[in-house]
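Report on the following structure.
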Amino acid sequence: MPNYRGTLTILSLCVSLGYFGIGLVRGFSAPAIPSIRDTFPELLPGVHIETWVSSVPPLGAFFGSLVTAVLMHRMGRKFSVLLAAPIWVVSWAFIALSQRWEIIMTGRILSGISVGVTLPSAQIYVSECSDPKIRGVLASFPSIAMSLGIVFSYVIGSFLTWRQQAWFGCGVAVIQFLAIVFLPESPVWLKSKKKIPEADNAAEWLALSGFTTDADQANQVKAYKSYSIRALCRRTVLLPLAVGLVLLVIQQLSGIDAVIFFTVEIFRSAGSSINGNIATIIVGLVQLLSNFASLIVVDRFGRKPLLIVSGALMSMSMTSMGFAFNLTDHGNHNYGFLPLVSLIVFMIGFSVGFGCIPFLLMGEIFPTKQRSILSSFAGSFNLLIMFLVIFTYHPLQHAITTAGTFWAYAIMCLCGVIFVIFFVPETKGRDLESITLLFQKKSHSRKVSTMSSGIDEKCGVDNLAMTVTASDVNLASRSDGMIPVNKT
């Protein structure tokens, strides 16, 4: 194996500590809220406060993501990733030392801001410091690290108190800072700032060659001029944006983060015979293993079939979860492992489809020139919807019962399947130009289709297929914002 692969792998693993920290934030409330109730109940005086403490990180992440684009452009990719670590240290210390709910709330908000800073900057940093031949593998490290962080949060939460859990997160943030501080800045960013000697040194450290061509530079400069209202209101921009945003809405309205943030509570309230912490760890491990499996199946089976299967599995599992709670409401607890099996199936379905494909798909359908701004907007939008789903979980429980809440999630998953069938194009094996043609006017698409050979009759205009070239993927990833481009 060439030496550069080892160097790039080390860089990706170090940066992925940021995503591991995101997993710790996302998984914290599941074991921590019950722990607070048992050891310090007066800290969270009511369900309303509990809901805010659990759900506020995505809101903080929303605001953090809004300033990250400016930070990355002016201060650099590495600086943005590095900045998240001290914010996390402060946030976890606030949580660990809190004696009032206002302090723990402040800590959770700060942790969310750090999440918002890390999400786009870490992905772009890894992408710009990677060789195109292994970028796809390296770009998968962050999502796996996030799932690993969630599992770690579940595991340590089963035997540590919530304060000790917070100190663990603080220690991870310190390690993250020390691991990243000695890494080079992105050579692509350095060259865009005309710091040519520094860019060459960074590229040499990373063992990269030809990391940015003159053509790439010209296209980047041209892309910065493509953010006018007129350019952003074109059909080929608005339609892919609409598809991407709807997929993100369905992803969140499936109830995924309500499950992640309240897993222990869900098992306890379901009256399951399985220990809530043990069941939570099992669910987290299933999600982690499913994320590994998704790396194999996404390129083999295509985006659209997996989204359909994913939505169907999630809908069925949420329906069965609703039935478990409905039985509980009627005093019947003879349903065995139904809650655990339901959530395991849900996590498998989510991980192989709606968990990762919406981001991969947006990296392919968003126009190259506008990809940075569209992906940043989509990322912020996703965080806002995540906050609303987590925040409304308890109100929905009181309004339509817990069973009704899970059935509502099941309906949304079913709506997602219908949307994918009729409105989402298959992008596997297509170059960026042919994908753009899918969103042009039908009359124009028909003209193009009559001139093309080898088109699959079964899929009509949707099958204008050609193989993505390495130069296309490389060029697209250079102007990427938050959403990574998958090399097919």
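Residues are named by chain letter and number: chains run A, B, ... in the order of the structure tokens, numbers start at 1 in each chain, and ligands are numbered from 1 in the order shown.
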
query = Do you know which residues are at most 10 Å from Pro305 in chain A counting only C-alpha atoms, after dropping those on the same chain fewer than 2 positions away, and could you put them as a ChimeraX atom specification?
reply = /A:298,301-303,307-310,353,417,420-421,426

Emit the selected residues as an mmCIF file, in the first residue's frame, including N, CA and C atoms.
data_model
loop_
_atom_site.group_PDB
_atom_site.id
_atom_site.type_symbol
_atom_site.label_atom_id
_atom_site.label_comp_id
_atom_site.auth_asym_id
_atom_site.auth_seq_id
_atom_site.Cartn_x
_atom_site.Cartn_y
_atom_site.Cartn_z
ATOM 1 N N VAL A 298 -24.763 0.398 -1.142
ATOM 2 C CA VAL A 298 -25.182 1.627 -1.818
ATOM 3 C C VAL A 298 -24.756 1.628 -3.275
ATOM 4 N N PHE A 301 -26.549 -1.692 -5.352
ATOM 5 C CA PHE A 301 -27.973 -1.774 -5.669
ATOM 6 C C PHE A 301 -28.579 -0.435 -6.116
ATOM 7 N N GLY A 302 -27.853 0.646 -5.999
ATOM 8 C CA GLY A 302 -28.390 1.925 -6.428
ATOM 9 C C GLY A 302 -29.117 2.650 -5.319
ATOM 10 N N ARG A 303 -29.380 3.939 -5.563
ATOM 11 C CA ARG A 303 -29.954 4.790 -4.528
ATOM 12 C C ARG A 303 -31.461 4.565 -4.357
ATOM 13 N N LEU A 307 -33.640 3.295 -1.029
ATOM 14 C CA LEU A 307 -34.523 4.240 -0.344
ATOM 15 C C LEU A 307 -35.920 3.647 -0.168
ATOM 16 N N ILE A 308 -36.399 2.950 -1.194
ATOM 17 C CA ILE A 308 -37.735 2.343 -1.120
ATOM 18 C C ILE A 308 -37.761 1.246 -0.050
ATOM 19 N N VAL A 309 -36.757 0.361 -0.076
ATOM 20 C CA VAL A 309 -36.675 -0.695 0.926
ATOM 21 C C VAL A 309 -36.524 -0.096 2.319
ATOM 22 N N SER A 310 -35.690 0.933 2.427
ATOM 23 C CA SER A 310 -35.461 1.599 3.710
ATOM 24 C C SER A 310 -36.758 2.162 4.277
ATOM 25 N N GLY A 353 -30.541 3.140 3.959
ATOM 26 C CA GLY A 353 -31.224 4.001 3.000
ATOM 27 C C GLY A 353 -31.261 5.452 3.412
ATOM 28 N N VAL A 417 -41.678 6.583 0.884
ATOM 29 C CA VAL A 417 -41.594 5.557 -0.156
ATOM 30 C C VAL A 417 -42.304 6.028 -1.423
ATOM 31 N N VAL A 420 -40.261 8.760 -3.184
ATOM 32 C CA VAL A 420 -39.088 8.229 -3.870
ATOM 33 C C VAL A 420 -39.488 7.566 -5.178
ATOM 34 N N ILE A 421 -40.574 6.805 -5.158
ATOM 35 C CA ILE A 421 -41.017 6.094 -6.360
ATOM 36 C C ILE A 421 -41.319 7.055 -7.503
ATOM 37 N N GLU A 426 -32.841 7.918 -10.266
ATOM 38 C CA GLU A 426 -31.719 7.025 -9.962
ATOM 39 C C GLU A 426 -30.458 7.651 -10.547
#

message = Give me the residues near Phe62 in chain A as a ChimeraX atom specification, where near means some atom within 12 Å (using only C-alpha atoms) and where sequence neighbours in that chain fewer than 5 positions away do not count.
response = /A:56-57,67-68,109-120,376-388

Same residues, N, CA and C atoms, saved as a CSV table (one decimal), in the first residue's frame:
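Listed below is the output, selection_33.csv:
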chain,number,residue,atom,x,y,z
A,56,VAL,N,-32.3,20.6,22.5
A,56,VAL,CA,-31.7,21.9,22.1
A,56,VAL,C,-30.4,21.8,21.3
A,57,PRO,N,-29.5,20.7,21.4
A,57,PRO,CA,-28.3,20.7,20.6
A,57,PRO,C,-28.5,20.9,19.1
A,67,VAL,N,-22.6,30.1,10.6
A,67,VAL,CA,-21.4,30.8,10.6
A,67,VAL,C,-20.2,30.0,10.1
A,68,THR,N,-20.4,28.7,9.9
A,68,THR,CA,-19.2,27.9,9.6
A,68,THR,C,-18.7,28.2,8.2
A,109,ILE,N,-26.5,23.8,24.6
A,109,ILE,CA,-26.5,24.7,23.4
A,109,ILE,C,-25.1,24.8,22.8
A,110,LEU,N,-24.1,25.0,23.7
A,110,LEU,CA,-22.7,25.1,23.2
A,110,LEU,C,-22.2,23.8,22.5
A,111,SER,N,-22.6,22.7,23.1
A,111,SER,CA,-22.3,21.4,22.4
A,111,SER,C,-22.9,21.4,21.0
A,112,GLY,N,-24.1,21.9,20.9
A,112,GLY,CA,-24.8,21.9,19.6
A,112,GLY,C,-24.1,22.8,18.6
A,113,ILE,N,-23.6,24.0,19.1
A,113,ILE,CA,-22.9,24.9,18.2
A,113,ILE,C,-21.6,24.2,17.7
A,114,SER,N,-20.9,23.5,18.6
A,114,SER,CA,-19.8,22.8,18.1
A,114,SER,C,-20.1,21.7,17.1
A,115,VAL,N,-21.2,21.1,17.2
A,115,VAL,CA,-21.7,20.1,16.2
A,115,VAL,C,-21.9,20.8,14.9
A,116,GLY,N,-22.5,22.0,14.9
A,116,GLY,CA,-22.8,22.7,13.7
A,116,GLY,C,-21.5,23.2,13.0
A,117,VAL,N,-20.5,23.5,13.8
A,117,VAL,CA,-19.2,23.8,13.2
A,117,VAL,C,-18.5,22.6,12.6
A,118,THR,N,-18.6,21.5,13.3
A,118,THR,CA,-17.9,20.3,12.9
A,118,THR,C,-18.5,19.6,11.6
A,119,LEU,N,-19.8,19.6,11.5
A,119,LEU,CA,-20.5,18.8,10.5
A,119,LEU,C,-20.0,19.2,9.1
A,120,PRO,N,-20.0,20.4,8.6
A,120,PRO,CA,-19.5,20.7,7.3
A,120,PRO,C,-18.0,20.8,7.2
A,376,SER,N,-24.9,23.7,2.1
A,376,SER,CA,-24.8,24.3,3.4
A,376,SER,C,-26.3,24.6,3.9
A,377,PHE,N,-27.1,25.1,3.0
A,377,PHE,CA,-28.5,25.4,3.3
A,377,PHE,C,-29.2,24.1,3.7
A,378,ALA,N,-29.0,23.1,3.0
A,378,ALA,CA,-29.7,21.8,3.3
A,378,ALA,C,-29.2,21.3,4.6
A,379,GLY,N,-27.9,21.4,4.9
A,379,GLY,CA,-27.4,20.9,6.2
A,379,GLY,C,-28.1,21.7,7.4
A,380,SER,N,-28.2,23.0,7.2
A,380,SER,CA,-28.8,23.8,8.3
A,380,SER,C,-30.3,23.5,8.4
A,381,PHE,N,-30.9,23.3,7.3
A,381,PHE,CA,-32.4,22.9,7.3
A,381,PHE,C,-32.6,21.6,8.0
A,382,ASN,N,-31.7,20.6,7.7
A,382,ASN,CA,-31.8,19.3,8.4
A,382,ASN,C,-31.6,19.4,9.9
A,383,LEU,N,-30.8,20.3,10.4
A,383,LEU,CA,-30.6,20.4,11.8
A,383,LEU,C,-31.8,21.1,12.4
A,384,LEU,N,-32.4,22.0,11.7
A,384,LEU,CA,-33.6,22.6,12.3
A,384,LEU,C,-34.8,21.7,12.4
A,385,ILE,N,-35.0,20.8,11.4
A,385,ILE,CA,-36.0,19.8,11.4
A,385,ILE,C,-35.7,18.8,12.5
A,386,MET,N,-34.5,18.4,12.7
A,386,MET,CA,-34.1,17.5,13.7
A,386,MET,C,-34.5,18.1,15.1
A,387,PHE,N,-34.3,19.3,15.3
A,387,PHE,CA,-34.7,20.0,16.6
A,387,PHE,C,-36.2,19.9,16.8
A,388,LEU,N,-36.9,20.2,15.7
A,388,LEU,CA,-38.4,20.2,15.9
A,388,LEU,C,-38.9,18.8,16.2

ask   = Could you name the residues that touch range 175-181 of chain A at 12 Å or less, counting only C-alpha atoms, but leaving out those on the same chain fewer than 2 positions away, as a VMD selection string?
value = chain A and resid 10 to 22 77 to 89 118 122 125 to 126 168 to 173 183 to 185

Store the residues picked out above in a file with N, CA, C and O atoms, as a compact mmCIF listing (two decimals), in the first residue's frame.
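selection-v2.txt written:
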# COMPACT_ATOMS: atom_id res chain seq x y z
N ILE A 10 -4.55 8.37 8.48
CA ILE A 10 -4.32 8.96 9.80
C ILE A 10 -5.03 10.31 9.92
O ILE A 10 -5.68 10.59 10.93
N LEU A 11 -4.91 11.14 8.88
CA LEU A 11 -5.60 12.44 8.91
C LEU A 11 -7.11 12.26 9.04
O LEU A 11 -7.76 12.94 9.84
N SER A 12 -7.66 11.34 8.25
CA SER A 12 -9.11 11.12 8.29
C SER A 12 -9.56 10.61 9.65
O SER A 12 -10.60 11.04 10.18
N LEU A 13 -8.78 9.73 10.25
CA LEU A 13 -9.14 9.21 11.57
C LEU A 13 -9.08 10.30 12.63
O LEU A 13 -9.95 10.38 13.51
N CYS A 14 -8.06 11.17 12.56
CA CYS A 14 -7.94 12.26 13.53
C CYS A 14 -9.12 13.22 13.41
O CYS A 14 -9.72 13.62 14.41
N VAL A 15 -9.46 13.58 12.17
CA VAL A 15 -10.57 14.51 11.95
C VAL A 15 -11.89 13.86 12.34
O VAL A 15 -12.81 14.54 12.82
N SER A 16 -11.99 12.55 12.15
CA SER A 16 -13.23 11.84 12.48
C SER A 16 -13.52 11.84 13.97
O SER A 16 -14.65 11.53 14.38
N LEU A 17 -12.54 12.20 14.79
CA LEU A 17 -12.80 12.36 16.22
C LEU A 17 -13.88 13.42 16.45
O LEU A 17 -14.62 13.36 17.43
N GLY A 18 -13.94 14.40 15.54
CA GLY A 18 -15.00 15.40 15.64
C GLY A 18 -16.38 14.79 15.47
O GLY A 18 -17.31 15.11 16.20
N TYR A 19 -16.51 13.85 14.52
CA TYR A 19 -17.78 13.17 14.33
C TYR A 19 -18.06 12.20 15.47
O TYR A 19 -19.23 11.96 15.82
N PHE A 20 -17.00 11.64 16.05
CA PHE A 20 -17.18 10.82 17.25
C PHE A 20 -17.78 11.67 18.37
O PHE A 20 -18.68 11.23 19.10
N GLY A 21 -17.29 12.92 18.48
CA GLY A 21 -17.85 13.85 19.46
C GLY A 21 -19.31 14.17 19.19
O GLY A 21 -20.11 14.31 20.12
N ILE A 22 -19.66 14.28 17.91
CA ILE A 22 -21.07 14.51 17.56
C ILE A 22 -21.93 13.34 18.04
O ILE A 22 -23.03 13.52 18.56
N ARG A 77 -10.17 25.42 6.65
CA ARG A 77 -10.89 24.21 7.04
C ARG A 77 -10.38 23.66 8.37
O ARG A 77 -11.15 23.32 9.26
N LYS A 78 -9.05 23.59 8.51
CA LYS A 78 -8.47 23.04 9.72
C LYS A 78 -8.85 23.88 10.94
O LYS A 78 -9.19 23.33 12.00
N PHE A 79 -8.80 25.20 10.80
CA PHE A 79 -9.15 26.08 11.91
C PHE A 79 -10.58 25.83 12.38
O PHE A 79 -10.85 25.80 13.58
N SER A 80 -11.49 25.64 11.43
CA SER A 80 -12.90 25.41 11.79
C SER A 80 -13.06 24.11 12.56
O SER A 80 -13.79 24.05 13.55
N VAL A 81 -12.38 23.04 12.09
CA VAL A 81 -12.45 21.76 12.78
C VAL A 81 -11.83 21.88 14.17
O VAL A 81 -12.35 21.35 15.16
N LEU A 82 -10.71 22.60 14.25
CA LEU A 82 -10.00 22.76 15.51
C LEU A 82 -10.80 23.58 16.51
O LEU A 82 -10.80 23.31 17.72
N LEU A 83 -11.53 24.59 16.01
CA LEU A 83 -12.30 25.47 16.89
C LEU A 83 -13.37 24.72 17.67
O LEU A 83 -13.72 25.09 18.80
N ALA A 84 -13.89 23.65 17.07
CA ALA A 84 -14.97 22.90 17.73
C ALA A 84 -14.52 22.27 19.04
O ALA A 84 -15.30 22.16 19.99
N ALA A 85 -13.25 21.87 19.12
CA ALA A 85 -12.75 21.15 20.30
C ALA A 85 -12.82 21.97 21.58
O ALA A 85 -13.39 21.51 22.58
N PRO A 86 -12.28 23.21 21.63
CA PRO A 86 -12.39 23.98 22.88
C PRO A 86 -13.82 24.33 23.25
O PRO A 86 -14.16 24.42 24.43
N ILE A 87 -14.68 24.51 22.24
CA ILE A 87 -16.10 24.77 22.54
C ILE A 87 -16.69 23.55 23.24
O ILE A 87 -17.47 23.67 24.20
N TRP A 88 -16.33 22.35 22.74
CA TRP A 88 -16.81 21.12 23.37
C TRP A 88 -16.28 20.98 24.80
O TRP A 88 -17.01 20.54 25.69
N VAL A 89 -15.03 21.33 25.02
CA VAL A 89 -14.46 21.25 26.37
C VAL A 89 -15.28 22.09 27.34
O VAL A 89 -15.66 21.64 28.43
N THR A 118 -18.60 21.49 13.28
CA THR A 118 -17.87 20.28 12.86
C THR A 118 -18.47 19.64 11.63
O THR A 118 -17.73 19.17 10.74
N ALA A 122 -15.42 19.35 8.88
CA ALA A 122 -14.66 18.09 8.92
C ALA A 122 -14.78 17.33 7.61
O ALA A 122 -13.79 16.79 7.09
N TYR A 125 -12.79 19.22 4.91
CA TYR A 125 -11.36 19.10 5.20
C TYR A 125 -10.82 17.74 4.74
O TYR A 125 -9.80 17.66 4.06
N VAL A 126 -11.53 16.67 5.09
CA VAL A 126 -11.11 15.33 4.67
C VAL A 126 -11.15 15.20 3.15
O VAL A 126 -10.23 14.66 2.53
N PHE A 168 -16.15 12.39 30.36
CA PHE A 168 -15.61 11.56 29.28
C PHE A 168 -15.63 12.34 27.96
O PHE A 168 -14.65 12.33 27.20
N GLY A 169 -16.76 13.01 27.68
CA GLY A 169 -16.86 13.82 26.47
C GLY A 169 -15.84 14.94 26.45
O GLY A 169 -15.27 15.28 25.40
N CYS A 170 -15.58 15.53 27.62
CA CYS A 170 -14.59 16.59 27.74
C CYS A 170 -13.19 16.06 27.39
O CYS A 170 -12.42 16.71 26.67
N GLY A 171 -12.87 14.86 27.87
CA GLY A 171 -11.58 14.25 27.56
C GLY A 171 -11.42 13.96 26.08
O GLY A 171 -10.33 14.16 25.51
N VAL A 172 -12.48 13.49 25.43
CA VAL A 172 -12.43 13.22 23.99
C VAL A 172 -12.15 14.52 23.22
O VAL A 172 -11.38 14.53 22.25
N ALA A 173 -12.75 15.62 23.64
CA ALA A 173 -12.53 16.91 22.97
C ALA A 173 -11.07 17.36 23.09
O ALA A 173 -10.50 17.90 22.13
N LEU A 183 -1.83 18.76 12.26
CA LEU A 183 -2.12 18.43 10.87
C LEU A 183 -1.99 19.66 9.99
O LEU A 183 -2.15 20.79 10.46
N PRO A 184 -1.73 19.49 8.69
CA PRO A 184 -1.62 20.64 7.79
C PRO A 184 -2.99 21.19 7.42
O PRO A 184 -4.00 20.50 7.53
N GLU A 185 -3.00 22.44 6.97
CA GLU A 185 -4.22 23.04 6.45
C GLU A 185 -4.52 22.43 5.08
O GLU A 185 -3.65 21.84 4.43

From A:Ala69, A:Ala399, A:Val389, A:Leu289, residue lying nearest Leu148 in chain A [only C-alpha atoms] = A:Leu289

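Between Ala199 in chain A and the residues A:Asn291, A:Ser186, A:Gln397, A:Thr51, the shortest atom-to-atom distance, using only C-alpha atoms, involves A:Ser186.
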
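For the pair CA of Pro31 in chain A and CA of Met146 in chain A, the separation is 17.0 Å.
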
request  = Write out as a ChimeraX atom specification each polymer residue whose atoms come within 12 Å of Ile400 in chain A, counting only C-alpha atoms; drop sequence neighbours fewer than 6 positions from it.
outcome  = /A:322,325-326,392-394,406-408

Let me see the file: selected residues, N, CA and C atoms, as a CSV table (one decimal), in the first residue's frame.
chain,number,residue,atom,x,y,z
A,322,GLY,N,-45.7,1.0,17.5
A,322,GLY,CA,-46.9,1.6,17.9
A,322,GLY,C,-47.9,0.6,18.5
A,325,PHE,N,-46.8,-0.2,22.2
A,325,PHE,CA,-47.3,0.8,23.1
A,325,PHE,C,-48.8,0.7,23.3
A,326,ASN,N,-49.5,0.4,22.2
A,326,ASN,CA,-51.0,0.3,22.3
A,326,ASN,C,-51.4,-0.9,23.2
A,392,THR,N,-40.8,18.0,19.7
A,392,THR,CA,-42.2,17.6,19.7
A,392,THR,C,-42.5,16.2,20.1
A,393,TYR,N,-41.5,15.4,20.5
A,393,TYR,CA,-41.8,14.0,20.8
A,393,TYR,C,-42.7,13.9,22.0
A,394,HIS,N,-42.3,14.6,23.1
A,394,HIS,CA,-43.2,14.5,24.3
A,394,HIS,C,-44.5,15.2,24.2
A,406,PHE,N,-45.8,6.9,17.2
A,406,PHE,CA,-45.0,6.0,16.4
A,406,PHE,C,-45.8,5.7,15.1
A,407,TRP,N,-47.1,5.6,15.2
A,407,TRP,CA,-47.9,5.4,13.9
A,407,TRP,C,-47.7,6.6,13.0
A,408,ALA,N,-47.7,7.8,13.6
A,408,ALA,CA,-47.4,9.0,12.7
A,408,ALA,C,-46.1,8.9,12.0

request  = Mind giving me the straight-line distance from CA of Met347 in chain A to CA of Ala258 in chain A in Å, one decimal?
outcome  = 12.4 Å

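Using only C-alpha atoms for every distance, the candidate list A:Gly355, A:Gly27, A:Gly311, A:Gly349 yields A:Gly27 as the residue closest to Ile156 in chain A.
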
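Closest approach to Arg234 in chain A among A:Met362, A:Arg268, A:Phe439, A:Ser351: A:Phe439, based on only C-alpha atoms.
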
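Picture a line from CA of Gln99 in chain A to CA of Ile36 in chain A; it runs 11.3 Å.
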
message = Need to verify the contact set: Phe366 in chain A, 8 Å, only C-alpha atoms, exclusion of same-chain residues closer than 5 positions in sequence. Can you return it as a VMD selection string?
response = chain A and resid 237 240 to 241 371 374 to 375
